[in-house]
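Participant: One file: query_18.cif (mmCIF, N, CA and C atoms and all ligand atoms).
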```
data_data
#
loop_
_atom_site.label_atom_id
_atom_site.label_comp_id
_atom_site.auth_asym_id
_atom_site.auth_seq_id
_atom_site.Cartn_x
_atom_site.Cartn_y
_atom_site.Cartn_z
N MET J 1391 128.13 64.79 51.59
CA MET J 1391 127.23 65.77 52.20
C MET J 1391 127.16 67.02 51.34
N ALA J 1392 125.95 67.54 51.18
CA ALA J 1392 125.80 68.79 50.44
C ALA J 1392 126.33 69.95 51.28
N ASP J 1393 126.96 70.90 50.59
CA ASP J 1393 127.42 72.10 51.29
C ASP J 1393 126.22 72.91 51.76
N THR J 1394 126.44 73.69 52.80
CA THR J 1394 125.41 74.59 53.32
C THR J 1394 126.01 75.99 53.44
N ILE J 1395 125.21 76.90 53.95
CA ILE J 1395 125.69 78.26 54.20
C ILE J 1395 126.89 78.24 55.17
N PHE J 1396 126.94 77.24 56.04
CA PHE J 1396 128.04 77.17 56.99
C PHE J 1396 129.36 76.83 56.30
N THR J 1397 129.30 76.09 55.19
CA THR J 1397 130.53 75.82 54.42
C THR J 1397 131.10 77.14 53.91
N LYS J 1398 130.22 78.02 53.47
CA LYS J 1398 130.68 79.33 52.97
C LYS J 1398 131.30 80.15 54.10
N ILE J 1399 130.74 80.01 55.30
CA ILE J 1399 131.32 80.73 56.45
C ILE J 1399 132.70 80.14 56.79
N ILE J 1400 132.81 78.81 56.78
CA ILE J 1400 134.09 78.16 57.04
C ILE J 1400 135.14 78.64 56.03
N ASN J 1401 134.73 78.72 54.77
CA ASN J 1401 135.66 79.10 53.69
C ASN J 1401 135.84 80.61 53.56
N LYS J 1402 135.20 81.36 54.48
CA LYS J 1402 135.29 82.83 54.50
C LYS J 1402 134.77 83.43 53.20
N GLU J 1403 133.81 82.75 52.59
CA GLU J 1403 133.18 83.27 51.37
C GLU J 1403 132.04 84.23 51.69
N ILE J 1404 131.47 84.07 52.90
CA ILE J 1404 130.53 85.06 53.39
C ILE J 1404 130.94 85.42 54.81
N PRO J 1405 130.64 86.64 55.24
CA PRO J 1405 131.13 87.08 56.54
C PRO J 1405 130.35 86.47 57.70
N ALA J 1406 131.02 86.36 58.81
CA ALA J 1406 130.39 85.96 60.07
C ALA J 1406 131.23 86.55 61.18
N SER J 1407 130.59 86.74 62.32
CA SER J 1407 131.30 87.27 63.48
C SER J 1407 131.93 86.09 64.22
N ILE J 1408 133.17 85.78 63.86
CA ILE J 1408 133.84 84.59 64.39
C ILE J 1408 134.42 84.89 65.77
N VAL J 1409 134.15 83.99 66.71
CA VAL J 1409 134.63 84.19 68.08
C VAL J 1409 135.67 83.15 68.48
N TYR J 1410 135.83 82.10 67.68
CA TYR J 1410 136.74 81.01 68.06
C TYR J 1410 137.05 80.21 66.81
N GLU J 1411 138.32 79.86 66.62
CA GLU J 1411 138.66 79.04 65.46
C GLU J 1411 139.90 78.21 65.74
N THR J 1412 139.81 76.93 65.37
CA THR J 1412 140.97 76.04 65.39
C THR J 1412 141.01 75.33 64.04
N ASP J 1413 141.91 74.38 63.90
CA ASP J 1413 141.99 73.61 62.65
C ASP J 1413 140.70 72.83 62.39
N THR J 1414 140.00 72.47 63.46
CA THR J 1414 138.86 71.56 63.32
C THR J 1414 137.51 72.18 63.66
N VAL J 1415 137.52 73.31 64.35
CA VAL J 1415 136.28 73.89 64.89
C VAL J 1415 136.19 75.37 64.55
N LEU J 1416 134.98 75.81 64.27
CA LEU J 1416 134.72 77.24 64.08
C LEU J 1416 133.50 77.63 64.91
N ALA J 1417 133.53 78.81 65.50
CA ALA J 1417 132.37 79.30 66.25
C ALA J 1417 132.14 80.76 65.88
N PHE J 1418 130.87 81.09 65.70
CA PHE J 1418 130.51 82.44 65.27
C PHE J 1418 129.14 82.80 65.82
N LYS J 1419 128.86 84.11 65.86
CA LYS J 1419 127.58 84.58 66.42
C LYS J 1419 126.43 84.22 65.49
N ASP J 1420 125.33 83.75 66.09
CA ASP J 1420 124.13 83.46 65.31
C ASP J 1420 123.59 84.76 64.72
N ILE J 1421 123.18 84.68 63.47
CA ILE J 1421 122.69 85.88 62.78
C ILE J 1421 121.34 86.34 63.32
N ASN J 1422 120.62 85.44 63.98
CA ASN J 1422 119.28 85.75 64.53
C ASN J 1422 119.24 85.28 65.98
N PRO J 1423 119.93 86.03 66.85
CA PRO J 1423 120.16 85.52 68.21
C PRO J 1423 118.89 85.37 69.03
N LYS J 1424 118.83 84.28 69.80
CA LYS J 1424 117.69 83.98 70.67
C LYS J 1424 118.01 84.26 72.14
N ALA J 1425 119.16 84.83 72.38
CA ALA J 1425 119.59 85.17 73.74
C ALA J 1425 120.69 86.23 73.60
N PRO J 1426 120.99 86.95 74.69
CA PRO J 1426 122.05 87.97 74.59
C PRO J 1426 123.37 87.42 74.04
N VAL J 1427 123.69 86.18 74.40
CA VAL J 1427 124.82 85.48 73.77
C VAL J 1427 124.25 84.27 73.03
N HIS J 1428 124.49 84.20 71.74
CA HIS J 1428 124.03 83.05 70.94
C HIS J 1428 125.11 82.75 69.91
N ILE J 1429 125.88 81.73 70.21
CA ILE J 1429 127.03 81.34 69.38
C ILE J 1429 126.76 79.97 68.77
N LEU J 1430 127.15 79.80 67.53
CA LEU J 1430 127.08 78.50 66.88
C LEU J 1430 128.48 77.91 66.82
N ILE J 1431 128.61 76.68 67.27
CA ILE J 1431 129.91 75.99 67.30
C ILE J 1431 129.80 74.83 66.32
N ILE J 1432 130.67 74.81 65.33
CA ILE J 1432 130.54 73.80 64.27
C ILE J 1432 131.88 73.12 64.00
N PRO J 1433 131.81 71.85 63.56
CA PRO J 1433 133.04 71.23 63.05
C PRO J 1433 133.29 71.76 61.64
N LYS J 1434 134.56 71.91 61.27
CA LYS J 1434 134.85 72.31 59.89
C LYS J 1434 134.53 71.17 58.92
N LEU J 1435 134.62 69.96 59.43
CA LEU J 1435 134.23 68.80 58.64
C LEU J 1435 132.73 68.87 58.36
N ASN J 1436 132.35 68.56 57.13
CA ASN J 1436 130.95 68.63 56.76
C ASN J 1436 130.20 67.38 57.23
N ILE J 1437 129.59 67.50 58.41
CA ILE J 1437 128.75 66.45 58.99
C ILE J 1437 127.36 67.04 59.07
N ASP J 1438 126.35 66.33 58.56
CA ASP J 1438 125.04 66.99 58.44
C ASP J 1438 124.28 67.08 59.76
N ARG J 1439 124.42 66.06 60.62
CA ARG J 1439 123.64 66.09 61.86
C ARG J 1439 124.29 65.17 62.89
N ILE J 1440 123.96 65.40 64.16
CA ILE J 1440 124.59 64.62 65.23
C ILE J 1440 124.28 63.13 65.08
N GLN J 1441 123.12 62.81 64.52
CA GLN J 1441 122.74 61.40 64.34
C GLN J 1441 123.76 60.67 63.45
N ASN J 1442 124.39 61.40 62.54
CA ASN J 1442 125.34 60.79 61.61
C ASN J 1442 126.79 61.01 62.01
N PHE J 1443 127.01 61.50 63.22
CA PHE J 1443 128.37 61.74 63.69
C PHE J 1443 129.09 60.40 63.87
N ASP J 1444 130.22 60.26 63.20
CA ASP J 1444 130.98 59.01 63.23
C ASP J 1444 132.02 59.08 64.35
N THR J 1445 131.63 58.59 65.50
CA THR J 1445 132.51 58.71 66.67
C THR J 1445 133.72 57.78 66.57
N ILE J 1446 133.63 56.76 65.75
CA ILE J 1446 134.77 55.84 65.59
C ILE J 1446 135.89 56.51 64.79
N ASN J 1447 135.50 57.13 63.67
CA ASN J 1447 136.52 57.74 62.81
C ASN J 1447 136.93 59.14 63.26
N HIS J 1448 136.10 59.77 64.11
CA HIS J 1448 136.42 61.13 64.57
C HIS J 1448 136.32 61.20 66.09
N PRO J 1449 137.11 60.41 66.79
CA PRO J 1449 136.96 60.31 68.24
C PRO J 1449 137.25 61.61 68.99
N ASP J 1450 138.06 62.48 68.41
CA ASP J 1450 138.44 63.70 69.13
C ASP J 1450 137.52 64.89 68.81
N LEU J 1451 136.78 64.78 67.76
CA LEU J 1451 136.08 65.98 67.27
C LEU J 1451 135.00 66.47 68.24
N LEU J 1452 134.24 65.56 68.81
CA LEU J 1452 133.20 65.99 69.76
C LEU J 1452 133.85 66.65 70.98
N ALA J 1453 134.97 66.11 71.40
CA ALA J 1453 135.69 66.72 72.52
C ALA J 1453 136.15 68.13 72.16
N HIS J 1454 136.59 68.31 70.92
CA HIS J 1454 137.01 69.66 70.49
C HIS J 1454 135.83 70.63 70.50
N LEU J 1455 134.65 70.15 70.13
CA LEU J 1455 133.47 71.01 70.14
C LEU J 1455 133.10 71.40 71.58
N VAL J 1456 133.19 70.44 72.48
CA VAL J 1456 132.89 70.72 73.89
C VAL J 1456 133.93 71.68 74.47
N GLU J 1457 135.18 71.45 74.12
CA GLU J 1457 136.26 72.33 74.60
C GLU J 1457 136.01 73.76 74.11
N ALA J 1458 135.57 73.89 72.86
CA ALA J 1458 135.25 75.22 72.32
C ALA J 1458 134.13 75.86 73.14
N ALA J 1459 133.09 75.10 73.43
CA ALA J 1459 131.97 75.64 74.22
C ALA J 1459 132.44 76.13 75.58
N GLN J 1460 133.28 75.35 76.23
CA GLN J 1460 133.79 75.75 77.55
C GLN J 1460 134.59 77.06 77.46
N LYS J 1461 135.45 77.15 76.45
CA LYS J 1461 136.29 78.35 76.32
C LYS J 1461 135.45 79.58 75.97
N ILE J 1462 134.49 79.39 75.07
CA ILE J 1462 133.64 80.52 74.68
C ILE J 1462 132.80 80.97 75.87
N ALA J 1463 132.25 80.02 76.62
CA ALA J 1463 131.46 80.38 77.80
C ALA J 1463 132.31 81.19 78.78
N THR J 1464 133.54 80.80 78.95
CA THR J 1464 134.44 81.56 79.83
C THR J 1464 134.69 82.95 79.27
N ASP J 1465 134.98 83.02 77.97
CA ASP J 1465 135.26 84.32 77.33
C ASP J 1465 134.08 85.28 77.44
N PHE J 1466 132.86 84.75 77.41
CA PHE J 1466 131.66 85.59 77.47
C PHE J 1466 131.10 85.70 78.89
N ASN J 1467 131.92 85.31 79.86
CA ASN J 1467 131.54 85.43 81.28
C ASN J 1467 130.28 84.65 81.63
N LEU J 1468 130.13 83.48 81.04
CA LEU J 1468 128.96 82.65 81.30
C LEU J 1468 129.27 81.43 82.16
N ALA J 1469 130.54 81.24 82.46
CA ALA J 1469 130.94 80.00 83.13
C ALA J 1469 130.25 79.85 84.48
N GLU J 1470 130.11 80.95 85.22
CA GLU J 1470 129.48 80.87 86.54
C GLU J 1470 127.97 81.04 86.46
N SER J 1471 127.51 81.98 85.63
CA SER J 1471 126.06 82.26 85.57
C SER J 1471 125.30 81.14 84.89
N GLY J 1472 125.96 80.43 84.00
CA GLY J 1472 125.32 79.30 83.31
C GLY J 1472 124.95 79.61 81.88
N TYR J 1473 124.68 78.58 81.17
CA TYR J 1473 124.34 78.70 79.75
C TYR J 1473 123.71 77.39 79.30
N ARG J 1474 123.23 77.38 78.08
CA ARG J 1474 122.61 76.17 77.54
C ARG J 1474 123.27 75.80 76.22
N LEU J 1475 123.55 74.50 76.05
CA LEU J 1475 124.01 73.97 74.78
C LEU J 1475 122.87 73.18 74.15
N VAL J 1476 122.62 73.43 72.86
CA VAL J 1476 121.52 72.77 72.16
C VAL J 1476 122.03 72.22 70.84
N ILE J 1477 121.65 70.99 70.54
CA ILE J 1477 121.89 70.42 69.20
C ILE J 1477 120.53 70.00 68.64
N ASN J 1478 120.08 70.68 67.61
CA ASN J 1478 118.84 70.29 66.94
C ASN J 1478 119.19 69.24 65.89
N ASN J 1479 118.37 68.19 65.83
CA ASN J 1479 118.63 67.11 64.87
C ASN J 1479 117.36 66.81 64.07
N GLY J 1480 117.41 67.08 62.78
CA GLY J 1480 116.30 66.72 61.90
C GLY J 1480 115.08 67.60 62.07
N ASP J 1481 114.03 67.24 61.35
CA ASP J 1481 112.83 68.08 61.27
C ASP J 1481 112.20 68.31 62.64
N ASN J 1482 111.89 67.24 63.34
CA ASN J 1482 111.23 67.41 64.63
C ASN J 1482 112.15 68.06 65.66
N GLY J 1483 113.44 67.95 65.45
CA GLY J 1483 114.39 68.61 66.35
C GLY J 1483 114.54 70.09 66.06
N GLY J 1484 113.95 70.54 64.95
CA GLY J 1484 114.02 71.96 64.62
C GLY J 1484 115.28 72.37 63.87
N GLN J 1485 115.97 71.38 63.27
CA GLN J 1485 117.20 71.71 62.55
C GLN J 1485 116.87 72.33 61.20
N GLU J 1486 117.47 73.49 60.94
CA GLU J 1486 117.25 74.19 59.67
C GLU J 1486 118.47 74.14 58.77
N VAL J 1487 119.65 74.17 59.36
CA VAL J 1487 120.88 74.12 58.58
C VAL J 1487 121.49 72.73 58.75
N ASN J 1488 121.67 72.04 57.63
CA ASN J 1488 122.14 70.66 57.69
C ASN J 1488 123.66 70.55 57.72
N HIS J 1489 124.22 71.25 58.67
CA HIS J 1489 125.64 71.13 59.02
C HIS J 1489 125.65 71.13 60.54
N LEU J 1490 126.12 70.04 61.12
CA LEU J 1490 126.10 69.89 62.58
C LEU J 1490 126.56 71.16 63.29
N HIS J 1491 125.77 71.59 64.27
CA HIS J 1491 126.16 72.77 65.05
C HIS J 1491 125.60 72.66 66.46
N ILE J 1492 126.36 73.21 67.38
CA ILE J 1492 125.91 73.34 68.76
C ILE J 1492 125.56 74.80 69.00
N HIS J 1493 124.34 75.05 69.48
CA HIS J 1493 123.98 76.40 69.90
C HIS J 1493 124.48 76.60 71.33
N LEU J 1494 125.20 77.68 71.58
CA LEU J 1494 125.55 78.09 72.94
C LEU J 1494 124.74 79.35 73.23
N LEU J 1495 123.82 79.22 74.20
CA LEU J 1495 122.90 80.32 74.54
C LEU J 1495 123.14 80.74 75.97
N GLY J 1496 123.23 82.04 76.20
CA GLY J 1496 123.44 82.52 77.56
C GLY J 1496 123.13 83.99 77.69
N GLY J 1497 123.28 84.49 78.90
CA GLY J 1497 123.04 85.90 79.18
C GLY J 1497 121.63 86.18 79.66
N ARG J 1498 120.82 85.15 79.74
CA ARG J 1498 119.48 85.29 80.34
C ARG J 1498 119.10 83.94 80.94
N LYS J 1499 118.05 83.96 81.77
CA LYS J 1499 117.55 82.72 82.36
C LYS J 1499 116.80 81.92 81.29
N MET J 1500 117.19 80.70 81.08
CA MET J 1500 116.52 79.85 80.11
C MET J 1500 115.27 79.23 80.73
N THR J 1501 114.27 78.98 79.90
CA THR J 1501 113.06 78.31 80.40
C THR J 1501 113.11 76.83 80.03
N TRP J 1502 112.32 76.06 80.73
CA TRP J 1502 112.22 74.63 80.48
C TRP J 1502 110.78 74.19 80.66
N PRO J 1503 110.18 73.36 79.85
CA PRO J 1503 110.80 72.75 78.68
C PRO J 1503 110.87 73.71 77.50
N PRO J 1504 111.80 73.45 76.55
CA PRO J 1504 111.85 74.27 75.32
C PRO J 1504 110.59 74.00 74.50
N GLY J 1505 110.26 74.94 73.63
CA GLY J 1505 109.03 74.81 72.84
C GLY J 1505 109.11 73.70 71.81
P1 LIG Z 1601 119.14 75.16 63.49
O1 LIG Z 1601 117.71 75.59 63.46
O2 LIG Z 1601 119.55 74.48 62.22
O3 LIG Z 1601 119.51 74.38 64.72
O4 LIG Z 1601 119.98 76.49 63.63
C1 LIG Z 1601 120.52 77.18 62.55
C2 LIG Z 1601 120.94 78.53 63.06
O5 LIG Z 1601 121.76 79.12 62.07
C3 LIG Z 1601 119.77 79.50 63.29
O6 LIG Z 1601 119.77 79.89 64.66
C4 LIG Z 1601 120.04 80.64 62.34
O7 LIG Z 1601 119.73 81.90 62.89
C5 LIG Z 1601 121.53 80.49 62.06
N1 LIG Z 1601 121.95 80.97 60.74
C6 LIG Z 1601 121.38 80.65 59.55
N2 LIG Z 1601 122.05 81.22 58.54
C7 LIG Z 1601 123.06 81.92 59.10
C8 LIG Z 1601 124.10 82.74 58.56
O8 LIG Z 1601 124.24 82.94 57.35
N3 LIG Z 1601 124.98 83.30 59.44
C9 LIG Z 1601 124.88 83.10 60.79
N4 LIG Z 1601 125.79 83.69 61.57
N5 LIG Z 1601 123.90 82.32 61.34
C10 LIG Z 1601 123.02 81.76 60.50
#
```
Go ahead and render the structure in this file as structure tokens.
Facilitator:
Amino acid sequence: MADTIFTKIINKEIPASIVYETDTVLAFKDINPKAPVHILIIPKLNIDRIQNFDTINHPDLLAHLVEAAQKIATDFNLAESGYRLVINNGDNGGQEVNHLHIHLLGGRKMTWPPG
């Protein structure tokens, strides 16, 4: 997999507002937030998109990403009010950075359907 800007954030080569970090997961504030709370949750492993996620070889990693989302939502007082998790995949999915990431959006009422 080709490195992306997120590899540089993982390696602390460029700054990011990090809100959560473990051996396998990193989460940081989106540089162009679409909601009062907009956090990106990523695996440190370089996986380009959810379509290519190898659940056989990395059975725990998706659980770690979900666990991160739950903890961050609690930390940002979103657990009761609600929030949205989004994974964009590929061109039609609106993915711009080819390193798997979950958007955690909260702090306002989300609309449906998304654009
Ligand atoms: P995608 O469209 O790929 O699902 O989402 C990529 C997200 O990464 C966008 O919301 C964009 O604002 C965010 N982003 C892109 N470059 C950077 C960066 O250098 N730092 C941070 N914190 N977020 C970034």
Participant: Residues near segment 1462-1471 of chain J, anyone? I mean within 10 Å using only C-alpha atoms, not counting same-chain ones fewer than 5 positions away, as a list in words.
Facilitator: Val1409, Tyr1410, Ala1417, Val1427, Ile1429, Ile1431, Val1456, Glu1457, Leu1494, Leu1495, Gly1496, Gly1497, Arg1498 and Lys1499 of chain J
Participant: Within 6.5 Å of ligand LIG 1601 (chain Z), which residues show up when you count all atoms listed in the file? List them as a list in words, please.
Facilitator: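 Within the 6.5 Å cut-off, the matching residues are Ile1395, Phe1396, Pro1405, Ala1406, Ser1407, Phe1418, Lys1419, Asp1420, Ile1421, Asn1422, Pro1423, Ile1477, Asn1478, Asn1479, Gly1484, Gln1485, Glu1486, Val1487 and Asn1488 of chain J.
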Participant: For the residues selected in the previous step, produce a file with N, CA and C atoms as a PDB file, keeping the file's coordinate frame.
Facilitator:
```
ATOM      1  N   ILE J1395     125.210  76.900  53.950  1.00  0.00           N
ATOM      2  CA  ILE J1395     125.690  78.260  54.200  1.00  0.00           C
ATOM      3  C   ILE J1395     126.890  78.240  55.170  1.00  0.00           C
ATOM      4  N   PHE J1396     126.940  77.240  56.040  1.00  0.00           N
ATOM      5  CA  PHE J1396     128.040  77.170  56.990  1.00  0.00           C
ATOM      6  C   PHE J1396     129.360  76.830  56.300  1.00  0.00           C
ATOM      7  N   PRO J1405     130.640  86.640  55.240  1.00  0.00           N
ATOM      8  CA  PRO J1405     131.130  87.080  56.540  1.00  0.00           C
ATOM      9  C   PRO J1405     130.350  86.470  57.700  1.00  0.00           C
ATOM     10  N   ALA J1406     131.020  86.360  58.810  1.00  0.00           N
ATOM     11  CA  ALA J1406     130.390  85.960  60.070  1.00  0.00           C
ATOM     12  C   ALA J1406     131.230  86.550  61.180  1.00  0.00           C
ATOM     13  N   SER J1407     130.590  86.740  62.320  1.00  0.00           N
ATOM     14  CA  SER J1407     131.300  87.270  63.480  1.00  0.00           C
ATOM     15  C   SER J1407     131.930  86.090  64.220  1.00  0.00           C
ATOM     16  N   PHE J1418     130.870  81.090  65.700  1.00  0.00           N
ATOM     17  CA  PHE J1418     130.510  82.440  65.270  1.00  0.00           C
ATOM     18  C   PHE J1418     129.140  82.800  65.820  1.00  0.00           C
ATOM     19  N   LYS J1419     128.860  84.110  65.860  1.00  0.00           N
ATOM     20  CA  LYS J1419     127.580  84.580  66.420  1.00  0.00           C
ATOM     21  C   LYS J1419     126.430  84.220  65.490  1.00  0.00           C
ATOM     22  N   ASP J1420     125.330  83.750  66.090  1.00  0.00           N
ATOM     23  CA  ASP J1420     124.130  83.460  65.310  1.00  0.00           C
ATOM     24  C   ASP J1420     123.590  84.760  64.720  1.00  0.00           C
ATOM     25  N   ILE J1421     123.180  84.680  63.470  1.00  0.00           N
ATOM     26  CA  ILE J1421     122.690  85.880  62.780  1.00  0.00           C
ATOM     27  C   ILE J1421     121.340  86.340  63.320  1.00  0.00           C
ATOM     28  N   ASN J1422     120.620  85.440  63.980  1.00  0.00           N
ATOM     29  CA  ASN J1422     119.280  85.750  64.530  1.00  0.00           C
ATOM     30  C   ASN J1422     119.240  85.280  65.980  1.00  0.00           C
ATOM     31  N   PRO J1423     119.930  86.030  66.850  1.00  0.00           N
ATOM     32  CA  PRO J1423     120.160  85.520  68.210  1.00  0.00           C
ATOM     33  C   PRO J1423     118.890  85.370  69.030  1.00  0.00           C
ATOM     34  N   ILE J1477     121.650  70.990  70.540  1.00  0.00           N
ATOM     35  CA  ILE J1477     121.890  70.420  69.200  1.00  0.00           C
ATOM     36  C   ILE J1477     120.530  70.000  68.640  1.00  0.00           C
ATOM     37  N   ASN J1478     120.080  70.680  67.610  1.00  0.00           N
ATOM     38  CA  ASN J1478     118.840  70.290  66.940  1.00  0.00           C
ATOM     39  C   ASN J1478     119.190  69.240  65.890  1.00  0.00           C
ATOM     40  N   ASN J1479     118.370  68.190  65.830  1.00  0.00           N
ATOM     41  CA  ASN J1479     118.630  67.110  64.870  1.00  0.00           C
ATOM     42  C   ASN J1479     117.360  66.810  64.070  1.00  0.00           C
ATOM     43  N   GLY J1484     113.950  70.540  64.950  1.00  0.00           N
ATOM     44  CA  GLY J1484     114.020  71.960  64.620  1.00  0.00           C
ATOM     45  C   GLY J1484     115.280  72.370  63.870  1.00  0.00           C
ATOM     46  N   GLN J1485     115.970  71.380  63.270  1.00  0.00           N
ATOM     47  CA  GLN J1485     117.200  71.710  62.550  1.00  0.00           C
ATOM     48  C   GLN J1485     116.870  72.330  61.200  1.00  0.00           C
ATOM     49  N   GLU J1486     117.470  73.490  60.940  1.00  0.00           N
ATOM     50  CA  GLU J1486     117.250  74.190  59.670  1.00  0.00           C
ATOM     51  C   GLU J1486     118.470  74.140  58.770  1.00  0.00           C
ATOM     52  N   VAL J1487     119.650  74.170  59.360  1.00  0.00           N
ATOM     53  CA  VAL J1487     120.880  74.120  58.580  1.00  0.00           C
ATOM     54  C   VAL J1487     121.490  72.730  58.750  1.00  0.00           C
ATOM     55  N   ASN J1488     121.670  72.040  57.630  1.00  0.00           N
ATOM     56  CA  ASN J1488     122.140  70.660  57.690  1.00  0.00           C
ATOM     57  C   ASN J1488     123.660  70.550  57.720  1.00  0.00           C
TER      58      ASN J1488
END
```
Participant: Please compute the atom CA of Tyr1473 of chain J-atom C of Met1500 of chain J distance, one decimal, in Å.
Facilitator: 9.1 Å
Participant: What is the atom C of Ile1404 of chain J-atom N of Asn1436 of chain J distance in Å, reported with one decimal?
Facilitator: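 Interatomic distance, atom C of Ile1404 of chain J to atom N of Asn1436 of chain J: 17.1 Å.
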Participant: Output as a ChimeraX atom specification all residues of chain J that backbone DSSP marks as helix (DSSP H, G or I).
Facilitator: /J:1395-1400,1440-1442,1451-1465,1480-1483
Participant: Nearest residue to His1428 of chain J out of J:Asn1401, J:Val1415, J:His1493, J:His1448, using all atoms listed in the file?
Facilitator: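 Closest to His1428 of chain J of all the choices is J:His1493.
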Participant: Going by DSSP on the backbone, which residues of chain J come out as strand (DSSP E or B)? List them as an MDAnalysis selection string.
Facilitator: chainID J and resid 1408:1411 1415:1419 1427:1433 1473:1476 1492:1496
Participant: Using atom CA of Leu1452 of chain J and atom CA of Thr1394 of chain J as the two end points, give the distance in Å to one decimal.
Facilitator: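 Interatomic distance, atom CA of Leu1452 of chain J to atom CA of Thr1394 of chain J: 20.1 Å.
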Participant: For Leu1416 of chain J, work out the shell of residues within 6 Å, counting only N, CA and C atoms and skipping chain neighbours fewer than 3 positions away, then give it as a PyMOL selection string.
Facilitator: chain J and resi 1410-1412+1430-1434
Participant: Can those selected residues be exported to a file as a PDB file, keeping the file's coordinate frame so that it contains N, CA and C atoms?
Facilitator:
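Listing of result29.pdb after writing:
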```pdb
ATOM      1  N   TYR J1410     135.830  82.100  67.680  1.00  0.00           N
ATOM      2  CA  TYR J1410     136.740  81.010  68.060  1.00  0.00           C
ATOM      3  C   TYR J1410     137.050  80.210  66.810  1.00  0.00           C
ATOM      4  N   GLU J1411     138.320  79.860  66.620  1.00  0.00           N
ATOM      5  CA  GLU J1411     138.660  79.040  65.460  1.00  0.00           C
ATOM      6  C   GLU J1411     139.900  78.210  65.740  1.00  0.00           C
ATOM      7  N   THR J1412     139.810  76.930  65.370  1.00  0.00           N
ATOM      8  CA  THR J1412     140.970  76.040  65.390  1.00  0.00           C
ATOM      9  C   THR J1412     141.010  75.330  64.040  1.00  0.00           C
ATOM     10  N   LEU J1430     127.150  79.800  67.530  1.00  0.00           N
ATOM     11  CA  LEU J1430     127.080  78.500  66.880  1.00  0.00           C
ATOM     12  C   LEU J1430     128.480  77.910  66.820  1.00  0.00           C
ATOM     13  N   ILE J1431     128.610  76.680  67.270  1.00  0.00           N
ATOM     14  CA  ILE J1431     129.910  75.990  67.300  1.00  0.00           C
ATOM     15  C   ILE J1431     129.800  74.830  66.320  1.00  0.00           C
ATOM     16  N   ILE J1432     130.670  74.810  65.330  1.00  0.00           N
ATOM     17  CA  ILE J1432     130.540  73.800  64.270  1.00  0.00           C
ATOM     18  C   ILE J1432     131.880  73.120  64.000  1.00  0.00           C
ATOM     19  N   PRO J1433     131.810  71.850  63.560  1.00  0.00           N
ATOM     20  CA  PRO J1433     133.040  71.230  63.050  1.00  0.00           C
ATOM     21  C   PRO J1433     133.290  71.760  61.640  1.00  0.00           C
ATOM     22  N   LYS J1434     134.560  71.910  61.270  1.00  0.00           N
ATOM     23  CA  LYS J1434     134.850  72.310  59.890  1.00  0.00           C
ATOM     24  C   LYS J1434     134.530  71.170  58.920  1.00  0.00           C
TER      25      LYS J1434
END
```
